[in-house]
>>> print(open('upload_16.txt').read())   # compact mmCIF, C-alpha atoms
# COMPACT_ATOMS: atom_id res chain seq x y z
CA MET A 1 110.27 -7.18 2.43
CA LYS A 2 107.58 -9.23 4.16
CA THR A 3 105.64 -6.04 4.89
CA PHE A 4 105.86 -5.04 1.21
CA TYR A 5 104.37 -8.37 0.05
CA THR A 6 101.60 -8.12 2.66
CA LEU A 7 100.64 -4.64 1.46
CA ALA A 8 100.77 -5.78 -2.18
CA VAL A 9 98.39 -8.67 -1.47
CA LEU A 10 95.98 -6.36 0.37
CA LEU A 11 96.00 -3.80 -2.44
CA LEU A 12 95.29 -6.51 -5.02
CA ALA A 13 92.54 -7.95 -2.88
CA VAL A 14 90.66 -4.63 -2.52
CA PRO A 15 89.39 -4.41 -6.13
CA VAL A 16 88.52 -8.12 -6.12
CA TYR A 17 86.48 -7.71 -2.95
CA ALA A 18 84.98 -4.43 -4.15
CA GLN A 19 83.63 -6.07 -7.28
CA ARG A 20 81.21 -7.98 -5.07
CA TYR A 21 79.10 -4.81 -4.85
CA GLU A 22 76.49 -4.10 -7.54
CA PHE A 23 74.64 -0.98 -8.65
CA GLY A 24 71.67 -1.46 -10.98
CA LEU A 25 69.28 0.62 -13.07
CA PHE A 26 66.07 -0.88 -14.43
CA GLY A 27 62.67 -0.17 -15.97
CA GLY A 28 59.59 -2.07 -17.12
CA GLY A 29 55.86 -2.60 -16.70
CA SER A 30 53.56 -2.64 -13.68
CA PHE A 31 50.43 -4.80 -13.44
CA SER A 32 48.07 -5.07 -10.46
CA SER A 33 45.33 -7.43 -9.38
CA LYS A 34 41.84 -6.09 -8.58
CA SER A 35 39.83 -6.07 -5.35
CA LYS A 36 36.09 -5.96 -4.75
CA VAL A 37 34.15 -3.10 -3.19
CA GLU A 38 30.93 -4.67 -1.97
CA ARG A 39 27.68 -3.19 -0.78
CA SER A 40 24.08 -4.30 -0.62
CA GLY A 41 22.85 -4.90 -4.15
CA GLY A 42 26.15 -5.01 -6.00
CA SER A 43 29.91 -4.72 -6.19
CA ALA A 44 32.63 -2.86 -8.08
CA ASP A 45 36.16 -3.76 -9.13
CA ALA A 46 38.76 -1.51 -7.53
CA GLY A 47 42.49 -1.31 -8.11
CA PHE A 48 45.13 0.14 -10.39
CA LYS A 49 45.46 0.36 -14.16
CA THR A 50 48.43 -1.08 -16.05
CA GLY A 51 51.41 1.26 -15.85
CA PHE A 52 55.18 1.36 -15.70
CA GLY A 53 57.99 1.27 -13.18
CA ALA A 54 61.65 2.28 -12.95
CA GLY A 55 64.25 2.34 -10.25
CA LEU A 56 67.65 1.41 -8.91
CA SER A 57 69.28 -1.22 -6.75
CA LEU A 58 72.37 -1.47 -4.57
CA GLY A 59 73.49 -4.95 -3.69
CA GLN A 60 76.29 -7.12 -2.37
CA ASN A 61 77.33 -10.71 -3.03
CA MET A 62 78.13 -11.83 0.51
CA TYR A 63 78.88 -15.37 -0.65
CA ASP A 64 79.28 -17.08 -4.03
CA LYS A 65 75.58 -17.90 -4.30
CA VAL A 66 73.99 -15.68 -1.65
CA GLY A 67 73.53 -11.94 -1.93
CA GLY A 68 71.27 -9.13 -0.85
CA GLU A 69 70.15 -5.80 -2.22
CA PHE A 70 68.27 -2.65 -1.37
CA ARG A 71 65.83 -1.83 -4.17
CA TYR A 72 63.83 1.33 -4.87
CA THR A 73 61.08 1.37 -7.53
CA TYR A 74 58.91 4.24 -8.74
CA LEU A 75 55.55 3.01 -10.06
CA ARG A 76 53.03 4.93 -12.13
CA ASN A 77 49.60 3.27 -12.01
CA ASP A 78 46.36 5.24 -12.10
CA LEU A 79 43.54 4.25 -9.74
CA GLU A 80 40.46 2.66 -11.29
CA LEU A 81 36.92 1.77 -10.20
CA SER A 82 34.52 -0.06 -12.53
CA SER A 83 31.09 -1.66 -12.41
CA GLY A 84 28.20 -2.25 -14.82
CA GLY A 85 29.87 -0.50 -17.75
CA GLN A 86 30.74 2.58 -15.68
CA LYS A 87 34.29 3.53 -14.84
CA ALA A 88 36.11 6.09 -12.69
CA THR A 89 39.85 6.78 -12.94
CA PHE A 90 42.24 8.92 -10.94
CA GLY A 91 45.95 9.68 -11.22
CA GLY A 92 48.15 7.58 -8.98
CA GLU A 93 51.73 6.63 -8.24
CA ALA A 94 53.69 4.63 -5.68
CA HIS A 95 57.20 4.34 -4.29
CA THR A 96 58.56 1.04 -2.99
CA ALA A 97 61.65 0.55 -0.85
CA HIS A 98 62.65 -2.93 0.27
CA TYR A 99 65.53 -5.26 0.98
CA ASP A 100 65.70 -8.67 -0.74
CA PHE A 101 67.86 -11.72 -0.21
CA LEU A 102 69.04 -13.22 -3.52
CA LEU A 103 69.76 -16.95 -3.86
CA HIS A 104 71.69 -17.66 -7.07
CA THR A 105 72.03 -21.03 -8.79
CA ALA A 106 75.51 -20.15 -10.12
CA LYS A 107 78.61 -18.82 -8.36
CA PHE A 108 79.67 -15.18 -8.33
CA GLY A 109 81.48 -14.38 -11.60
CA ALA A 110 79.55 -16.90 -13.73
CA LYS A 111 78.38 -15.81 -17.19
CA VAL A 112 74.72 -16.61 -16.43
CA ARG A 113 73.29 -16.37 -12.89
CA PRO A 114 69.61 -17.23 -12.36
CA TYR A 115 68.27 -16.31 -8.94
CA VAL A 116 65.22 -16.14 -6.71
CA ALA A 117 64.56 -13.14 -4.46
CA PHE A 118 62.49 -12.54 -1.34
CA GLY A 119 62.28 -9.80 1.24
CA GLY A 120 60.19 -6.97 2.62
CA GLY A 121 59.82 -3.23 3.01
CA ILE A 122 57.23 -0.50 2.49
CA LYS A 123 55.08 0.86 -0.32
CA TYR A 124 54.03 4.52 -0.34
CA PHE A 125 50.81 5.04 -2.33
CA ARG A 126 49.83 8.50 -3.54
CA GLY A 127 46.77 9.80 -5.37
CA THR A 128 47.73 12.52 -7.85
CA GLY A 129 44.48 13.26 -9.69
CA GLN A 130 42.06 16.17 -9.38
CA GLU A 131 39.17 15.53 -7.00
CA ASN A 132 35.68 16.43 -8.27
CA ALA A 133 32.41 17.04 -6.45
CA VAL A 134 30.79 14.28 -8.52
CA GLN A 135 32.55 10.99 -9.25
CA PRO A 136 31.12 7.96 -11.08
CA LEU A 137 30.41 4.97 -8.79
CA SER A 138 30.72 7.13 -5.66
CA SER A 139 28.10 4.92 -4.01
CA PHE A 140 30.82 2.24 -3.86
CA ALA A 141 34.01 4.23 -3.21
CA LEU A 142 35.81 7.51 -3.75
CA LEU A 143 39.22 7.78 -5.42
CA THR A 144 41.09 10.35 -3.37
CA LYS A 145 44.09 12.67 -3.55
CA THR A 146 45.80 11.43 -0.43
CA SER A 147 48.71 9.18 0.55
CA GLU A 148 49.13 5.95 2.46
CA VAL A 149 51.99 3.67 3.53
CA LYS A 150 51.62 -0.12 3.64
CA PRO A 151 54.02 -2.91 4.61
CA LEU A 152 55.25 -4.80 1.56
CA VAL A 153 56.29 -8.39 0.95
CA SER A 154 58.52 -8.86 -2.09
CA PHE A 155 59.29 -12.07 -3.93
CA GLY A 156 60.40 -12.91 -7.45
CA GLY A 157 63.39 -13.94 -9.52
CA GLY A 158 65.47 -13.26 -12.59
CA ILE A 159 68.65 -13.85 -14.53
CA LYS A 160 71.90 -11.87 -14.75
CA PHE A 161 73.92 -12.13 -17.99
CA ALA A 162 77.57 -11.03 -17.88
CA ILE A 163 78.46 -8.60 -20.69
CA SER A 164 81.92 -7.88 -19.32
CA ARG A 165 83.77 -8.27 -16.04
CA ARG A 166 81.99 -5.24 -14.60
CA VAL A 167 78.70 -5.02 -16.53
CA GLN A 168 75.70 -7.36 -16.51
CA PHE A 169 72.35 -7.31 -18.28
CA ARG A 170 69.52 -8.26 -15.94
CA VAL A 171 65.90 -9.30 -16.42
CA ASP A 172 63.59 -10.07 -13.53
CA VAL A 173 60.06 -9.98 -12.20
CA HIS A 174 58.88 -9.02 -8.71
CA ASP A 175 55.55 -9.37 -6.96
CA PHE A 176 54.95 -6.54 -4.49
CA TYR A 177 52.28 -7.86 -2.13
CA THR A 178 50.42 -5.29 0.01
CA ALA A 179 47.07 -4.70 1.64
CA VAL A 180 44.57 -2.58 -0.33
CA PRO A 181 45.11 1.18 0.35
CA THR A 182 41.67 2.07 1.68
CA LYS A 183 42.53 5.76 2.08
CA LEU A 184 43.21 6.16 -1.66
CA ILE A 185 40.24 3.96 -2.55
CA ALA A 186 37.88 5.01 0.25
CA PRO A 187 34.76 2.83 0.59
CA ALA A 188 31.47 4.70 0.72
CA THR A 189 29.19 4.47 3.75
CA GLY A 190 27.70 0.99 3.80
CA ALA A 191 30.37 -0.45 1.47
CA SER A 192 33.38 -2.57 2.35
CA LEU A 193 36.80 -3.03 0.79
CA SER A 194 39.59 -5.27 2.04
CA GLY A 195 42.10 -7.82 0.84
CA TRP A 196 45.51 -7.81 -0.79
CA ILE A 197 47.04 -6.56 -4.02
CA HIS A 198 49.54 -8.41 -6.18
CA ASN A 199 51.61 -5.84 -8.07
CA ILE A 200 53.60 -7.71 -10.73
CA VAL A 201 56.59 -5.71 -11.99
CA PRO A 202 58.72 -7.21 -14.82
CA THR A 203 61.88 -5.18 -15.53
CA ALA A 204 65.12 -5.19 -17.50
CA GLY A 205 68.27 -3.17 -16.96
CA PHE A 206 71.99 -3.10 -16.33
CA VAL A 207 74.08 -3.95 -13.28
CA PHE A 208 77.54 -2.49 -12.69
CA THR A 209 79.95 -4.23 -10.31
CA PHE A 210 82.54 -2.36 -8.30
>>> encode(input="upload_16.txt", output="structure tokens")
Amino acid sequence: MKTFYTLAVLLLAVPVYAQRYEFGLFGGGSFSSKSKVERSGGSADAGFKTGFGAGLSLGQNMYDKVGGEFRYTYLRNDLELSSGGQKATFGGEAHTAHYDFLLHTAKFGAKVRPYVAFGGGIKYFRGTGQENAVQPLSSFALLTKTSEVKPLVSFGGGIKFAISRRVQFRVDVHDFYTAVPTKLIAPATGASLSGWIHNIVPTAGFVFTF
């Protein structure tokens, strides 16, 4: 009889424990800061145009207020170079993969759970446009059809709203902080490009617990 009660308790505990895992789907915008390409006699703004992002997350609530998640985001942002009324654009996309720690202000199971997130990973940049023999502002830099991987620092926050015991609506914003990809935006001879990019990604989506 004792064995029966022990098994019953374990079987009841499994779904409770399992519900501490979360699978999320999300989508939203993608906004990036600009960097300067400098050369003797002038400079140009280099970076990425406003675009969109979408992805998925897989997380776990290790404790009532502390969790962690793996997050993948696809980002579509075209490359852009501008100076003195001239502009050059080029197709571009990126893939981010990172792990964040989540610190919630409310316990697991609460109706509303604000949180802050921080972590790190990688960002894979890729130029997807068609290269031409002549490109505007080529004396500053060339926008190229190549790829580049950069380390990524992620930080942000959001709020989870419980719709039911197993479904939550989630809104958040992340800042993906990376060095400028100087292979995609290749400085011309005599020009220099360096610094960091803030890629602000606000999203909304749904989280399913299991």
>>> residues_around(input="upload_16.txt", residues="Ala188 in chain A", least_positions_apart="2", cutoff="12 Å", atoms="only C-alpha atoms", output="PyMOL selection string")
chain A and resi 37-40+43-44+135+137-144+182-183+185-186+190-193
>>> closest_atom_pairs(input="upload_16.txt", of="range 41-138 of chain A", to="range 155-162 of chain A", cutoff="6 Å", atoms="all atoms listed in the file", output="Markdown table")
| residue | atom | partner | partner_atom | distance |
| --- | --- | --- | --- | --- |
| A:Lys111 | CA | A:Ala162 | CA | 4.9 |
| A:Val112 | CA | A:Phe161 | CA | 4.8 |
| A:Arg113 | CA | A:Lys160 | CA | 5.1 |
| A:Pro114 | CA | A:Ile159 | CA | 4.1 |
| A:Tyr115 | CA | A:Gly157 | CA | 5.5 |
| A:Val116 | CA | A:Gly157 | CA | 4.0 |
| A:Ala117 | CA | A:Gly156 | CA | 5.1 |
| A:Phe118 | CA | A:Phe155 | CA | 4.1 |
>>> atom_distance(input="upload_16.txt", atom1="CA of Thr96 in chain A", atom2="CA of Lys34 in chain A")
19.0 Å
>>> closest_residue(input="upload_16.txt", among="A:Lys36, A:Arg165, A:Arg20, A:His95", to="Val66 in chain A", atoms="all atoms listed in the file")
A:Arg20
>>> closest_atom_pairs(input="upload_16.txt", of="range 37-98 of chain A", to="range 145-150 of chain A", cutoff="12 Å", atoms="only C-alpha atoms", output="CSV")
residue,atom,partner,partner_atom,distance
A:Asp78,CA,A:Lys145,CA,11.6
A:Leu79,CA,A:Lys145,CA,10.5
A:Thr89,CA,A:Lys145,CA,11.9
A:Phe90,CA,A:Lys145,CA,8.5
A:Gly91,CA,A:Lys145,CA,8.4
A:Gly92,CA,A:Lys145,CA,8.5
A:Glu93,CA,A:Ser147,CA,9.6
A:Ala94,CA,A:Ser147,CA,9.2
A:His95,CA,A:Val149,CA,9.4
A:Thr96,CA,A:Val149,CA,9.6
A:Ala97,CA,A:Lys150,CA,11.0
A:His98,CA,A:Lys150,CA,11.9
>>> atom_distance(input="upload_16.txt", atom1="CA of Phe108 in chain A", atom2="CA of Thr209 in chain A")
11.1 Å
>>> closest_residue(input="upload_16.txt", among="A:Ser83, A:Ser194, A:Ser33, A:Gln168", to="Gly47 in chain A", atoms="all atoms listed in the file")
A:Ser33
>>> atom_distance(input="upload_16.txt", atom1="CA of Ser30 in chain A", atom2="CA of Ile200 in chain A")
5.9 Å
>>> closest_residue(input="upload_16.txt", among="A:Pro136, A:Gly68, A:Pro151, A:Gly27", to="Ile122 in chain A", atoms="only C-alpha atoms")
A:Pro151
>>> closest_residue(input="upload_16.txt", among="A:His174, A:Lys87, A:Arg71, A:Arg166", to="Leu56 in chain A", atoms="all atoms listed in the file")
A:Arg71
>>> closest_residue(input="upload_16.txt", among="A:His104, A:Arg170, A:Lys49, A:Lys123", to="Met62 in chain A", atoms="all atoms listed in the file")
A:His104
